[in-house]
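Following: one structure in structure tokens, then a few remarks.
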Amino acid sequence: MIPISRPAMGEPEAQAARRAILSGWTTQGPEVQAFEEAFARAVGAPYACAVSSCTTALHLALLVVGVRPGDEVIVPSHSFIATANAVRYCGATPVFIDIEPHSWNLDPVLVERAVTPRTRAMIAVHQMGLPCDLRRLVAVARRFELPIVEDAACAAGSQILWNGQWQTIGRPHGDIACFSFHPRKVISTGDGGMLTTARDDWMRQLRRLRQHGMSVSDATRHGAKEVVFEHYPTVGFNYRMTDIQAAVGREQLERLPGLVQERRLLAQRYDTLLQQVPRLGRPQEPPWARSNWQSYCVRLPAGVAQRQVMQAMLDAGVATRRGIMCSHREAAYASQPLPHPLPHSEAAQDGCVLLPLYAGMTTDEQAHVVASLGQACTR
Ligand SMILES: *Cc1c(COP(=O)(O)O)cnc(C)c1O
């Protein structure tokens, strides 16, 4: 069986977890701090804050940029449901905007048209690791003085051409970027997330909110030479990453450049092999983006049934997933009005298939995936 993905973890990660466990400090502490510093360096960000997941990262990001009950936040429907849920956690309404069909990312023209007096922020997703058109989205956000939160859940190690320079996603190019370390992403800590920003006032708020709103961290109080009484000026959350996770994350981060390089070669090889499948839509990077290929998504030829293709491939020993979900089609969002049509989002969910791609994937495995897809499409 060829799986859809496979975490790239081994002995170094196991050793790191052991080190943290035997250190006597397992919750947020020195490993988390070291992971944050390394992550900030890796993406070129001034500050990084580790949390329990990208979902909790998105929640905190929206809170610190000022999203409050009754506000509207512009988001793509075509994303994992956590993107929209984070808006709801703030008591705000996600306003679903359609994607550009060939990038699976927010269409900046439609975003601009959707801004209302109640719009408070925008979440720009780098779907499947392919950077969204940040240059245009940031320009729209600046024109309306809206903060822009990047949902970079899938995009660790992806790059964008910015002022003539290749830069890593997460500096951030918007106002705050949120990453995921779920096992389905390129690097993992089991579960986990990271926020990056250039604003030190926001970073202080983020660090406080992730730890119950507490005025000092556990590590500071533990290391203090004088008695410290903490305060709770605001209602916070327990969104901490553990030191066990962070120790694993440090090892994963070391691997990231190599993993991205390998995934880019695998994607290139798919691009060549898939030319033999007639009328199949292959994913393309715009000249200003370098994807980490967290997912490899193809568009089926018109008239070919998605479920039958996926079943035929499964019968041939190849796991696939359908196109990225549309949040507006789920019961959790069915009751809210849909002011903007979402034809490209729905077509992408119904007409795309994600193919297996993981570190260590062999040429034979890729050839088998392509052969089974070709047979399934021409049946
Ligand atoms: C995976 C994912 C999330 C959620 O990440 P978690 O770390 O599992 O909370 C959010 N947004 C997008 C686009 C994702 O792919």
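Note on naming: chains are A, B, ... as they come in the structure tokens, residues start from 1 per chain, ligands start from 1 in the order shown.
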
Contacts of ligand 1, 7 Å or closer, only C-alpha atoms and all ligand atoms, given as a list in words: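 Taking only C-alpha atoms and all ligand atoms into account, the residues around ligand 1 at most 7 Å away are Ser53, Cys54, Thr55, Thr56, Ser79, Phe80, Ala82, Thr83, Val125, His126, Gln127, Met128, Asp151, Ala152, Ala153, Cys154, Ser180, Phe181, His182, Asp191, Gly192 and Gly193 of chain A.
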
Any chance you can output those residues with N, CA and C atoms as a CSV table (one decimal), in the first residue's frame?
chain,number,residue,atom,x,y,z
A,53,SER,N,-1.2,24.0,18.6
A,53,SER,CA,-1.6,23.7,17.3
A,53,SER,C,-1.7,24.9,16.4
A,54,CYS,N,-1.8,24.7,15.1
A,54,CYS,CA,-2.1,25.9,14.3
A,54,CYS,C,-3.5,26.5,14.5
A,55,THR,N,-4.4,25.6,14.9
A,55,THR,CA,-5.7,26.1,15.2
A,55,THR,C,-5.7,27.1,16.4
A,56,THR,N,-5.0,26.8,17.4
A,56,THR,CA,-4.9,27.7,18.6
A,56,THR,C,-4.0,28.9,18.2
A,79,SER,N,-10.5,25.5,2.5
A,79,SER,CA,-9.4,25.4,3.5
A,79,SER,C,-9.8,24.3,4.5
A,80,PHE,N,-8.9,23.8,5.3
A,80,PHE,CA,-9.3,23.0,6.4
A,80,PHE,C,-10.1,23.8,7.3
A,82,ALA,N,-10.4,24.5,10.3
A,82,ALA,CA,-9.9,25.2,11.4
A,82,ALA,C,-9.7,26.7,11.1
A,83,THR,N,-9.5,27.0,9.8
A,83,THR,CA,-9.3,28.4,9.4
A,83,THR,C,-10.6,29.2,9.7
A,125,VAL,N,-4.5,32.0,3.3
A,125,VAL,CA,-4.0,30.7,3.5
A,125,VAL,C,-3.0,30.4,2.4
A,126,HIS,N,-1.8,29.7,2.7
A,126,HIS,CA,-0.9,29.2,1.7
A,126,HIS,C,-1.3,27.7,1.5
A,127,GLN,N,-2.3,27.5,0.7
A,127,GLN,CA,-2.9,26.2,0.7
A,127,GLN,C,-2.0,25.1,0.1
A,128,MET,N,-1.9,24.0,0.8
A,128,MET,CA,-1.0,22.9,0.4
A,128,MET,C,0.5,23.3,0.2
A,151,ASP,N,-2.3,32.0,7.3
A,151,ASP,CA,-2.5,30.6,7.7
A,151,ASP,C,-1.4,29.8,6.9
A,152,ALA,N,-0.2,29.7,7.5
A,152,ALA,CA,0.9,29.0,6.9
A,152,ALA,C,1.0,27.5,7.5
A,153,ALA,N,-0.2,27.0,7.9
A,153,ALA,CA,-0.2,25.6,8.5
A,153,ALA,C,0.6,24.6,7.6
A,154,CYS,N,0.5,24.7,6.3
A,154,CYS,CA,1.1,23.8,5.4
A,154,CYS,C,2.4,24.3,4.8
A,180,SER,N,1.6,24.9,11.4
A,180,SER,CA,1.1,23.6,12.0
A,180,SER,C,2.2,22.6,12.0
A,181,PHE,N,2.3,21.8,13.1
A,181,PHE,CA,3.2,20.7,13.2
A,181,PHE,C,2.4,19.4,13.4
A,182,HIS,N,1.2,19.3,12.8
A,182,HIS,CA,0.4,18.1,12.7
A,182,HIS,C,1.2,17.1,11.8
A,191,ASP,N,1.5,17.0,17.5
A,191,ASP,CA,0.6,18.2,17.3
A,191,ASP,C,1.4,19.4,17.7
A,192,GLY,N,1.1,20.5,17.2
A,192,GLY,CA,1.8,21.7,17.6
A,192,GLY,C,1.7,22.8,16.6
A,193,GLY,N,2.0,24.0,17.1
A,193,GLY,CA,1.9,25.2,16.2
A,193,GLY,C,2.9,26.3,16.5

Write down as a PDB file with N, CA, C and O atoms, in the first residue's frame the residues of region 37-158 of chain A whose backbone DSSP state falls under strand (DSSP E or B).
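Output file out-v2.pdb is given in full below:
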ATOM      1  N   TYR A  47      10.317  37.411  15.912  1.00  0.00           N
ATOM      2  CA  TYR A  47       9.813  36.691  17.089  1.00  0.00           C
ATOM      3  C   TYR A  47       9.019  35.463  16.675  1.00  0.00           C
ATOM      4  O   TYR A  47       8.327  35.488  15.656  1.00  0.00           O
ATOM      5  N   ALA A  48       9.089  34.420  17.499  1.00  0.00           N
ATOM      6  CA  ALA A  48       8.251  33.235  17.304  1.00  0.00           C
ATOM      7  C   ALA A  48       7.702  32.780  18.646  1.00  0.00           C
ATOM      8  O   ALA A  48       8.378  32.887  19.667  1.00  0.00           O
ATOM      9  N   CYS A  49       6.457  32.298  18.634  1.00  0.00           N
ATOM     10  CA  CYS A  49       5.771  31.846  19.851  1.00  0.00           C
ATOM     11  C   CYS A  49       5.160  30.474  19.577  1.00  0.00           C
ATOM     12  O   CYS A  49       4.306  30.336  18.701  1.00  0.00           O
ATOM     13  N   ALA A  50       5.598  29.453  20.315  1.00  0.00           N
ATOM     14  CA  ALA A  50       5.101  28.089  20.100  1.00  0.00           C
ATOM     15  C   ALA A  50       3.794  27.880  20.856  1.00  0.00           C
ATOM     16  O   ALA A  50       3.639  28.361  21.979  1.00  0.00           O
ATOM     17  N   VAL A  51       2.873  27.163  20.233  1.00  0.00           N
ATOM     18  CA  VAL A  51       1.583  26.845  20.841  1.00  0.00           C
ATOM     19  C   VAL A  51       1.216  25.395  20.537  1.00  0.00           C
ATOM     20  O   VAL A  51       1.995  24.663  19.922  1.00  0.00           O
ATOM     21  N   GLU A  72     -16.305  40.929  10.981  1.00  0.00           N
ATOM     22  CA  GLU A  72     -16.189  40.013   9.840  1.00  0.00           C
ATOM     23  C   GLU A  72     -14.706  39.774   9.563  1.00  0.00           C
ATOM     24  O   GLU A  72     -13.897  40.693   9.667  1.00  0.00           O
ATOM     25  N   VAL A  73     -14.379  38.537   9.219  1.00  0.00           N
ATOM     26  CA  VAL A  73     -13.005  38.205   8.826  1.00  0.00           C
ATOM     27  C   VAL A  73     -13.061  37.502   7.470  1.00  0.00           C
ATOM     28  O   VAL A  73     -13.800  36.513   7.306  1.00  0.00           O
ATOM     29  N   ILE A  74     -12.319  38.004   6.512  1.00  0.00           N
ATOM     30  CA  ILE A  74     -12.294  37.420   5.171  1.00  0.00           C
ATOM     31  C   ILE A  74     -11.406  36.184   5.169  1.00  0.00           C
ATOM     32  O   ILE A  74     -10.247  36.249   5.599  1.00  0.00           O
ATOM     33  N   VAL A  75     -11.977  35.059   4.728  1.00  0.00           N
ATOM     34  CA  VAL A  75     -11.228  33.785   4.681  1.00  0.00           C
ATOM     35  C   VAL A  75     -11.633  33.015   3.420  1.00  0.00           C
ATOM     36  O   VAL A  75     -12.724  33.220   2.904  1.00  0.00           O
ATOM     37  N   PRO A  76     -10.754  32.116   2.957  1.00  0.00           N
ATOM     38  CA  PRO A  76     -11.221  31.201   1.910  1.00  0.00           C
ATOM     39  C   PRO A  76     -12.092  30.125   2.553  1.00  0.00           C
ATOM     40  O   PRO A  76     -11.789  29.676   3.666  1.00  0.00           O
ATOM     41  N   HIS A  78     -12.382  27.339   0.933  1.00  0.00           N
ATOM     42  CA  HIS A  78     -11.589  26.194   0.459  1.00  0.00           C
ATOM     43  C   HIS A  78     -10.334  26.055   1.315  1.00  0.00           C
ATOM     44  O   HIS A  78      -9.227  26.454   0.922  1.00  0.00           O
ATOM     45  N   THR A  93     -17.599  36.553  12.317  1.00  0.00           N
ATOM     46  CA  THR A  93     -18.168  35.797  11.199  1.00  0.00           C
ATOM     47  C   THR A  93     -17.127  35.621  10.104  1.00  0.00           C
ATOM     48  O   THR A  93     -16.578  36.614   9.620  1.00  0.00           O
ATOM     49  N   PRO A  94     -16.853  34.370   9.679  1.00  0.00           N
ATOM     50  CA  PRO A  94     -15.974  34.191   8.526  1.00  0.00           C
ATOM     51  C   PRO A  94     -16.726  34.529   7.244  1.00  0.00           C
ATOM     52  O   PRO A  94     -17.798  33.989   6.997  1.00  0.00           O
ATOM     53  N   VAL A  95     -16.189  35.451   6.462  1.00  0.00           N
ATOM     54  CA  VAL A  95     -16.798  35.799   5.175  1.00  0.00           C
ATOM     55  C   VAL A  95     -16.026  35.033   4.108  1.00  0.00           C
ATOM     56  O   VAL A  95     -14.841  35.300   3.861  1.00  0.00           O
ATOM     57  N   PHE A  96     -16.712  34.050   3.506  1.00  0.00           N
ATOM     58  CA  PHE A  96     -16.034  33.129   2.593  1.00  0.00           C
ATOM     59  C   PHE A  96     -15.864  33.739   1.206  1.00  0.00           C
ATOM     60  O   PHE A  96     -16.830  34.188   0.598  1.00  0.00           O
ATOM     61  N   ILE A  97     -14.633  33.725   0.724  1.00  0.00           N
ATOM     62  CA  ILE A  97     -14.287  34.282  -0.583  1.00  0.00           C
ATOM     63  C   ILE A  97     -13.724  33.161  -1.450  1.00  0.00           C
ATOM     64  O   ILE A  97     -13.050  32.261  -0.948  1.00  0.00           O
ATOM     65  N   ILE A  99     -11.544  31.145  -4.487  1.00  0.00           N
ATOM     66  CA  ILE A  99     -10.112  31.027  -4.784  1.00  0.00           C
ATOM     67  C   ILE A  99      -9.853  31.261  -6.273  1.00  0.00           C
ATOM     68  O   ILE A  99     -10.779  31.264  -7.080  1.00  0.00           O
ATOM     69  N   LEU A 106      -6.752  32.395  -2.172  1.00  0.00           N
ATOM     70  CA  LEU A 106      -7.649  33.549  -2.247  1.00  0.00           C
ATOM     71  C   LEU A 106      -7.409  34.393  -3.498  1.00  0.00           C
ATOM     72  O   LEU A 106      -6.259  34.715  -3.829  1.00  0.00           O
ATOM     73  N   THR A 119     -15.542  44.584   8.283  1.00  0.00           N
ATOM     74  CA  THR A 119     -14.361  43.729   8.088  1.00  0.00           C
ATOM     75  C   THR A 119     -13.262  44.157   9.049  1.00  0.00           C
ATOM     76  O   THR A 119     -12.915  45.339   9.123  1.00  0.00           O
ATOM     77  N   ARG A 120     -12.724  43.181   9.786  1.00  0.00           N
ATOM     78  CA  ARG A 120     -11.715  43.522  10.799  1.00  0.00           C
ATOM     79  C   ARG A 120     -10.345  42.927  10.479  1.00  0.00           C
ATOM     80  O   ARG A 120      -9.336  43.378  10.992  1.00  0.00           O
ATOM     81  N   ALA A 121     -10.316  41.869   9.662  1.00  0.00           N
ATOM     82  CA  ALA A 121      -9.044  41.208   9.338  1.00  0.00           C
ATOM     83  C   ALA A 121      -9.256  40.270   8.163  1.00  0.00           C
ATOM     84  O   ALA A 121     -10.387  40.075   7.702  1.00  0.00           O
ATOM     85  N   MET A 122      -8.137  39.697   7.711  1.00  0.00           N
ATOM     86  CA  MET A 122      -8.184  38.726   6.617  1.00  0.00           C
ATOM     87  C   MET A 122      -7.232  37.583   6.966  1.00  0.00           C
ATOM     88  O   MET A 122      -6.180  37.813   7.553  1.00  0.00           O
ATOM     89  N   ILE A 123      -7.651  36.350   6.655  1.00  0.00           N
ATOM     90  CA  ILE A 123      -6.728  35.206   6.795  1.00  0.00           C
ATOM     91  C   ILE A 123      -6.336  34.740   5.397  1.00  0.00           C
ATOM     92  O   ILE A 123      -7.197  34.324   4.610  1.00  0.00           O
ATOM     93  N   ALA A 124      -5.058  34.841   5.089  1.00  0.00           N
ATOM     94  CA  ALA A 124      -4.530  34.419   3.788  1.00  0.00           C
ATOM     95  C   ALA A 124      -3.881  33.047   3.975  1.00  0.00           C
ATOM     96  O   ALA A 124      -2.902  32.918   4.691  1.00  0.00           O
ATOM     97  N   VAL A 125      -4.464  32.031   3.347  1.00  0.00           N
ATOM     98  CA  VAL A 125      -3.963  30.658   3.494  1.00  0.00           C
ATOM     99  C   VAL A 125      -2.953  30.367   2.382  1.00  0.00           C
ATOM    100  O   VAL A 125      -3.178  30.738   1.227  1.00  0.00           O
ATOM    101  N   ILE A 148      -3.428  41.337   8.328  1.00  0.00           N
ATOM    102  CA  ILE A 148      -3.467  40.114   7.532  1.00  0.00           C
ATOM    103  C   ILE A 148      -2.736  38.997   8.279  1.00  0.00           C
ATOM    104  O   ILE A 148      -1.561  39.109   8.617  1.00  0.00           O
ATOM    105  N   VAL A 149      -3.509  37.948   8.620  1.00  0.00           N
ATOM    106  CA  VAL A 149      -2.970  36.768   9.303  1.00  0.00           C
ATOM    107  C   VAL A 149      -2.720  35.713   8.229  1.00  0.00           C
ATOM    108  O   VAL A 149      -3.612  35.411   7.439  1.00  0.00           O
ATOM    109  N   GLU A 150      -1.494  35.188   8.184  1.00  0.00           N
ATOM    110  CA  GLU A 150      -1.179  34.135   7.227  1.00  0.00           C
ATOM    111  C   GLU A 150      -1.425  32.770   7.875  1.00  0.00           C
ATOM    112  O   GLU A 150      -0.830  32.470   8.905  1.00  0.00           O
ATOM    113  N   ASP A 151      -2.313  31.985   7.267  1.00  0.00           N
ATOM    114  CA  ASP A 151      -2.459  30.587   7.676  1.00  0.00           C
ATOM    115  C   ASP A 151      -1.414  29.807   6.889  1.00  0.00           C
ATOM    116  O   ASP A 151      -1.641  29.399   5.749  1.00  0.00           O
TER     117      ASP A 151
END

Residues near Arg207 (chain A), cut-off 12 Å, only C-alpha atoms, skip fewer than 6 positions along chain, as a ChimeraX atom specification: /A:28,32-33,36,47-51,57,60-61,64,194-196,200-201,213-218,236-241

Can I get the selected residues back with N, CA, C and O atoms, as a CSV table (one decimal), in the first residue's frame?
chain,number,residue,atom,x,y,z
A,28,GLN,N,6.0,23.5,28.8
A,28,GLN,CA,6.7,24.7,28.2
A,28,GLN,C,7.9,25.2,29.0
A,28,GLN,O,7.7,25.6,30.2
A,32,VAL,N,11.1,24.6,24.5
A,32,VAL,CA,10.2,25.5,23.7
A,32,VAL,C,10.9,26.7,23.4
A,32,VAL,O,10.9,27.2,22.2
A,33,GLN,N,11.6,27.3,24.3
A,33,GLN,CA,12.3,28.6,24.0
A,33,GLN,C,13.4,28.4,22.9
A,33,GLN,O,13.5,29.2,22.0
A,36,GLU,N,11.6,28.0,19.6
A,36,GLU,CA,11.2,29.3,19.1
A,36,GLU,C,12.3,30.1,18.4
A,36,GLU,O,12.1,30.7,17.3
A,47,TYR,N,10.3,37.4,15.9
A,47,TYR,CA,9.8,36.7,17.1
A,47,TYR,C,9.0,35.5,16.7
A,47,TYR,O,8.3,35.5,15.7
A,48,ALA,N,9.1,34.4,17.5
A,48,ALA,CA,8.3,33.2,17.3
A,48,ALA,C,7.7,32.8,18.6
A,48,ALA,O,8.4,32.9,19.7
A,49,CYS,N,6.5,32.3,18.6
A,49,CYS,CA,5.8,31.8,19.9
A,49,CYS,C,5.2,30.5,19.6
A,49,CYS,O,4.3,30.3,18.7
A,50,ALA,N,5.6,29.5,20.3
A,50,ALA,CA,5.1,28.1,20.1
A,50,ALA,C,3.8,27.9,20.9
A,50,ALA,O,3.6,28.4,22.0
A,51,VAL,N,2.9,27.2,20.2
A,51,VAL,CA,1.6,26.8,20.8
A,51,VAL,C,1.2,25.4,20.5
A,51,VAL,O,2.0,24.7,19.9
A,57,ALA,N,-3.1,28.7,17.3
A,57,ALA,CA,-2.3,29.9,16.8
A,57,ALA,C,-3.2,30.9,16.1
A,57,ALA,O,-3.1,32.1,16.3
A,60,LEU,N,-5.3,32.8,18.6
A,60,LEU,CA,-4.6,33.9,19.3
A,60,LEU,C,-4.2,35.0,18.4
A,60,LEU,O,-4.3,36.2,18.7
A,61,ALA,N,-3.9,34.7,17.1
A,61,ALA,CA,-3.5,35.7,16.1
A,61,ALA,C,-4.7,36.7,15.9
A,61,ALA,O,-4.5,37.9,15.9
A,64,VAL,N,-5.2,39.0,19.0
A,64,VAL,CA,-4.2,40.1,19.2
A,64,VAL,C,-4.3,41.2,18.0
A,64,VAL,O,-3.9,42.3,18.3
A,194,MET,N,3.0,27.3,15.7
A,194,MET,CA,4.0,28.4,15.9
A,194,MET,C,3.4,29.6,15.3
A,194,MET,O,2.8,29.6,14.2
A,195,LEU,N,3.6,30.7,16.0
A,195,LEU,CA,3.2,32.1,15.5
A,195,LEU,C,4.5,32.8,15.3
A,195,LEU,O,5.4,32.8,16.1
A,196,THR,N,4.6,33.6,14.2
A,196,THR,CA,5.7,34.5,14.0
A,196,THR,C,5.2,35.9,13.7
A,196,THR,O,4.1,36.1,13.0
A,200,ASP,N,6.7,43.4,18.7
A,200,ASP,CA,7.0,42.9,20.1
A,200,ASP,C,5.8,43.0,21.0
A,200,ASP,O,5.7,42.2,21.9
A,201,ASP,N,4.9,44.0,20.8
A,201,ASP,CA,3.8,44.1,21.7
A,201,ASP,C,2.8,43.0,21.5
A,201,ASP,O,2.3,42.4,22.5
A,213,GLY,N,-3.1,33.7,30.6
A,213,GLY,CA,-3.1,35.1,30.8
A,213,GLY,C,-2.2,35.5,32.0
A,213,GLY,O,-2.2,36.6,32.5
A,214,MET,N,-1.3,34.6,32.3
A,214,MET,CA,-0.4,34.8,33.5
A,214,MET,C,0.7,35.8,33.2
A,214,MET,O,1.3,35.8,32.1
A,215,SER,N,1.0,36.6,34.2
A,215,SER,CA,1.9,37.8,34.0
A,215,SER,C,3.4,37.3,33.9
A,215,SER,O,4.2,38.0,33.3
A,216,VAL,N,3.7,36.2,34.5
A,216,VAL,CA,5.1,35.7,34.3
A,216,VAL,C,5.0,34.2,33.9
A,216,VAL,O,4.1,33.5,34.1
A,217,SER,N,6.1,33.7,33.2
A,217,SER,CA,6.0,32.3,32.7
A,217,SER,C,6.5,31.4,33.8
A,217,SER,O,7.1,31.9,34.8
A,218,ASP,N,6.1,30.1,33.7
A,218,ASP,CA,6.6,29.1,34.7
A,218,ASP,C,8.1,29.1,34.8
A,218,ASP,O,8.6,29.1,35.9
A,236,GLY,N,-7.0,34.1,29.8
A,236,GLY,CA,-6.1,33.5,28.8
A,236,GLY,C,-6.6,32.0,28.6
A,236,GLY,O,-7.7,31.6,28.9
A,237,PHE,N,-5.7,31.3,28.0
A,237,PHE,CA,-5.9,29.9,27.5
A,237,PHE,C,-4.8,29.0,28.0
A,237,PHE,O,-3.7,29.5,28.2
A,238,ASN,N,-5.0,27.7,27.9
A,238,ASN,CA,-3.9,26.8,28.0
A,238,ASN,C,-3.6,26.3,26.6
A,238,ASN,O,-4.2,25.3,26.1
A,239,TYR,N,-2.8,27.0,25.8
A,239,TYR,CA,-2.4,26.7,24.5
A,239,TYR,C,-0.9,26.4,24.3
A,239,TYR,O,-0.3,26.6,23.3
A,240,ARG,N,-0.3,25.9,25.4
A,240,ARG,CA,1.1,25.7,25.4
A,240,ARG,C,1.5,24.5,24.6
A,240,ARG,O,0.8,23.5,24.5
A,241,MET,N,2.7,24.6,24.1
A,241,MET,CA,3.4,23.4,23.5
A,241,MET,C,4.2,22.8,24.7
A,241,MET,O,4.7,23.5,25.6

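Shortest separation to Leu274 (chain A) among A:Gly374, A:Pro183, A:Gly44, A:Gly249 occurs at residue A:Gly374, atoms counted being only C-alpha atoms.
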
Which residue of A:Trp288, A:Phe179, A:Phe229, A:Tyr296 approaches Ser52 (chain A) most closely, using only C-alpha atoms: A:Phe179

Neighbour list for Thr242 (chain A) as number ranges by chain, cut-off 7 Å, only C-alpha atoms, skip fewer than 3 positions in-chain: A: 26-28, 245-246

Only C-alpha atoms, please: the residues just picked out, written as a tab-separated table (two decimals), in the first residue's frame.
chain	number	residue	atom	x	y	z
A	26	THR	CA	8.26	18.45	30.34
A	27	THR	CA	5.85	21.34	29.87
A	28	GLN	CA	6.72	24.68	28.20
A	245	GLN	CA	7.16	18.31	21.52
A	246	ALA	CA	9.60	21.19	21.17

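Coordinates place CA of Leu357 (chain A) at a distance of 6.4 Å from CA of Ile4 (chain A).
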
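One finds CA of Met9 (chain A) at 26.9 Å from CA of Ala289 (chain A).
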
Within 12 Å of Gly24 (chain A), counting only C-alpha atoms, which residues show up once you throw out same-chain ones fewer than 6 positions away? Write them as a PDB file with all heavy atoms, in the first residue's frame, please.
ATOM      1  N   ALA A  17      13.049  13.412  22.362  1.00  0.00           N
ATOM      2  CA  ALA A  17      11.927  13.257  23.294  1.00  0.00           C
ATOM      3  C   ALA A  17      12.431  12.658  24.613  1.00  0.00           C
ATOM      4  O   ALA A  17      12.047  13.103  25.699  1.00  0.00           O
ATOM      5  CB  ALA A  17      10.852  12.360  22.675  1.00  0.00           C
ATOM      6  N   ARG A  18      13.332  11.684  24.508  1.00  0.00           N
ATOM      7  CA  ARG A  18      13.910  11.048  25.697  1.00  0.00           C
ATOM      8  C   ARG A  18      14.668  12.080  26.541  1.00  0.00           C
ATOM      9  O   ARG A  18      14.521  12.124  27.768  1.00  0.00           O
ATOM     10  CB  ARG A  18      14.846   9.938  25.206  1.00  0.00           C
ATOM     11  CG  ARG A  18      15.529   9.150  26.277  1.00  0.00           C
ATOM     12  CD  ARG A  18      16.514   8.144  25.648  1.00  0.00           C
ATOM     13  NE  ARG A  18      17.526   7.813  26.636  1.00  0.00           N
ATOM     14  CZ  ARG A  18      17.353   6.901  27.581  1.00  0.00           C
ATOM     15  NH1 ARG A  18      16.225   6.218  27.652  1.00  0.00           N
ATOM     16  NH2 ARG A  18      18.300   6.682  28.468  1.00  0.00           N
ATOM     17  N   PRO A  30      12.666  25.276  28.623  1.00  0.00           N
ATOM     18  CA  PRO A  30      13.844  25.611  27.808  1.00  0.00           C
ATOM     19  C   PRO A  30      13.816  25.048  26.388  1.00  0.00           C
ATOM     20  O   PRO A  30      14.315  25.703  25.466  1.00  0.00           O
ATOM     21  CB  PRO A  30      15.013  24.996  28.600  1.00  0.00           C
ATOM     22  CG  PRO A  30      14.410  24.115  29.642  1.00  0.00           C
ATOM     23  CD  PRO A  30      13.028  24.597  29.878  1.00  0.00           C
ATOM     24  N   GLU A  31      13.230  23.873  26.187  1.00  0.00           N
ATOM     25  CA  GLU A  31      13.174  23.310  24.829  1.00  0.00           C
ATOM     26  C   GLU A  31      12.256  24.158  23.943  1.00  0.00           C
ATOM     27  O   GLU A  31      12.557  24.391  22.768  1.00  0.00           O
ATOM     28  CB  GLU A  31      12.677  21.858  24.846  1.00  0.00           C
ATOM     29  CG  GLU A  31      13.619  20.879  25.517  1.00  0.00           C
ATOM     30  CD  GLU A  31      14.821  20.484  24.653  1.00  0.00           C
ATOM     31  OE1 GLU A  31      14.873  20.880  23.465  1.00  0.00           O
ATOM     32  OE2 GLU A  31      15.700  19.779  25.167  1.00  0.00           O
ATOM     33  N   ASP A 243       7.634  20.738  26.298  1.00  0.00           N
ATOM     34  CA  ASP A 243       9.065  20.640  25.996  1.00  0.00           C
ATOM     35  C   ASP A 243       9.385  19.339  25.247  1.00  0.00           C
ATOM     36  O   ASP A 243      10.351  19.284  24.483  1.00  0.00           O
ATOM     37  CB  ASP A 243       9.905  20.743  27.284  1.00  0.00           C
ATOM     38  CG  ASP A 243      10.545  22.126  27.413  1.00  0.00           C
ATOM     39  OD1 ASP A 243       9.978  23.087  26.838  1.00  0.00           O
ATOM     40  OD2 ASP A 243      11.609  22.257  28.067  1.00  0.00           O
ATOM     41  N   ILE A 244       8.585  18.313  25.460  1.00  0.00           N
ATOM     42  CA  ILE A 244       8.794  17.049  24.729  1.00  0.00           C
ATOM     43  C   ILE A 244       8.560  17.290  23.231  1.00  0.00           C
ATOM     44  O   ILE A 244       9.360  16.896  22.381  1.00  0.00           O
ATOM     45  CB  ILE A 244       7.863  15.935  25.256  1.00  0.00           C
ATOM     46  CG1 ILE A 244       8.045  15.746  26.764  1.00  0.00           C
ATOM     47  CG2 ILE A 244       8.122  14.619  24.521  1.00  0.00           C
ATOM     48  CD1 ILE A 244       7.005  14.837  27.412  1.00  0.00           C
TER      49      ILE A 244
END

Option closest in space to Gly351 (chain A), from A:Arg307, A:Arg143, A:Arg269, A:Arg299 [counting only C-alpha atoms]: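 Answer, going by the shortest atom-to-atom distance: A:Arg299.
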
A:Thr378, A:Leu314, A:Arg250, A:Ala348 ranked by distance to Ile2 (chain A), top pick (using only C-alpha atoms):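 The shortest atom-to-atom distance to Ile2 (chain A) comes from A:Leu314.
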
Proximity to Gln159 (chain A) - best of A:Val248, A:Ala139, A:Val369, A:Val260, only C-alpha atoms: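 Using only C-alpha atoms, Gln159 (chain A) sits closest to A:Val260.
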
Which of A:Leu265, A:Ile176, A:Leu134, A:Ala84 sits closest to Ile160 (chain A) [using only C-alpha atoms]: A:Leu134

Between CA of Leu110 (chain A) and CA of Ala155 (chain A), distance in Å (one decimal):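 Distance between the two atoms: 23.0 Å.
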
DSSP alpha helix (DSSP H) residues within region 109-355 of chain A, as number ranges by chain: A: 109-114, 134-143, 200-209, 218-223, 243-273, 306-315, 343-351

Polymer residues at most 10 Å from Pro46 (chain A), only C-alpha atoms, same-chain spacing of 2 or more positions, as a PyMOL selection string: chain A and resi 37+40-41+43-44+48+170-172+196-200+203
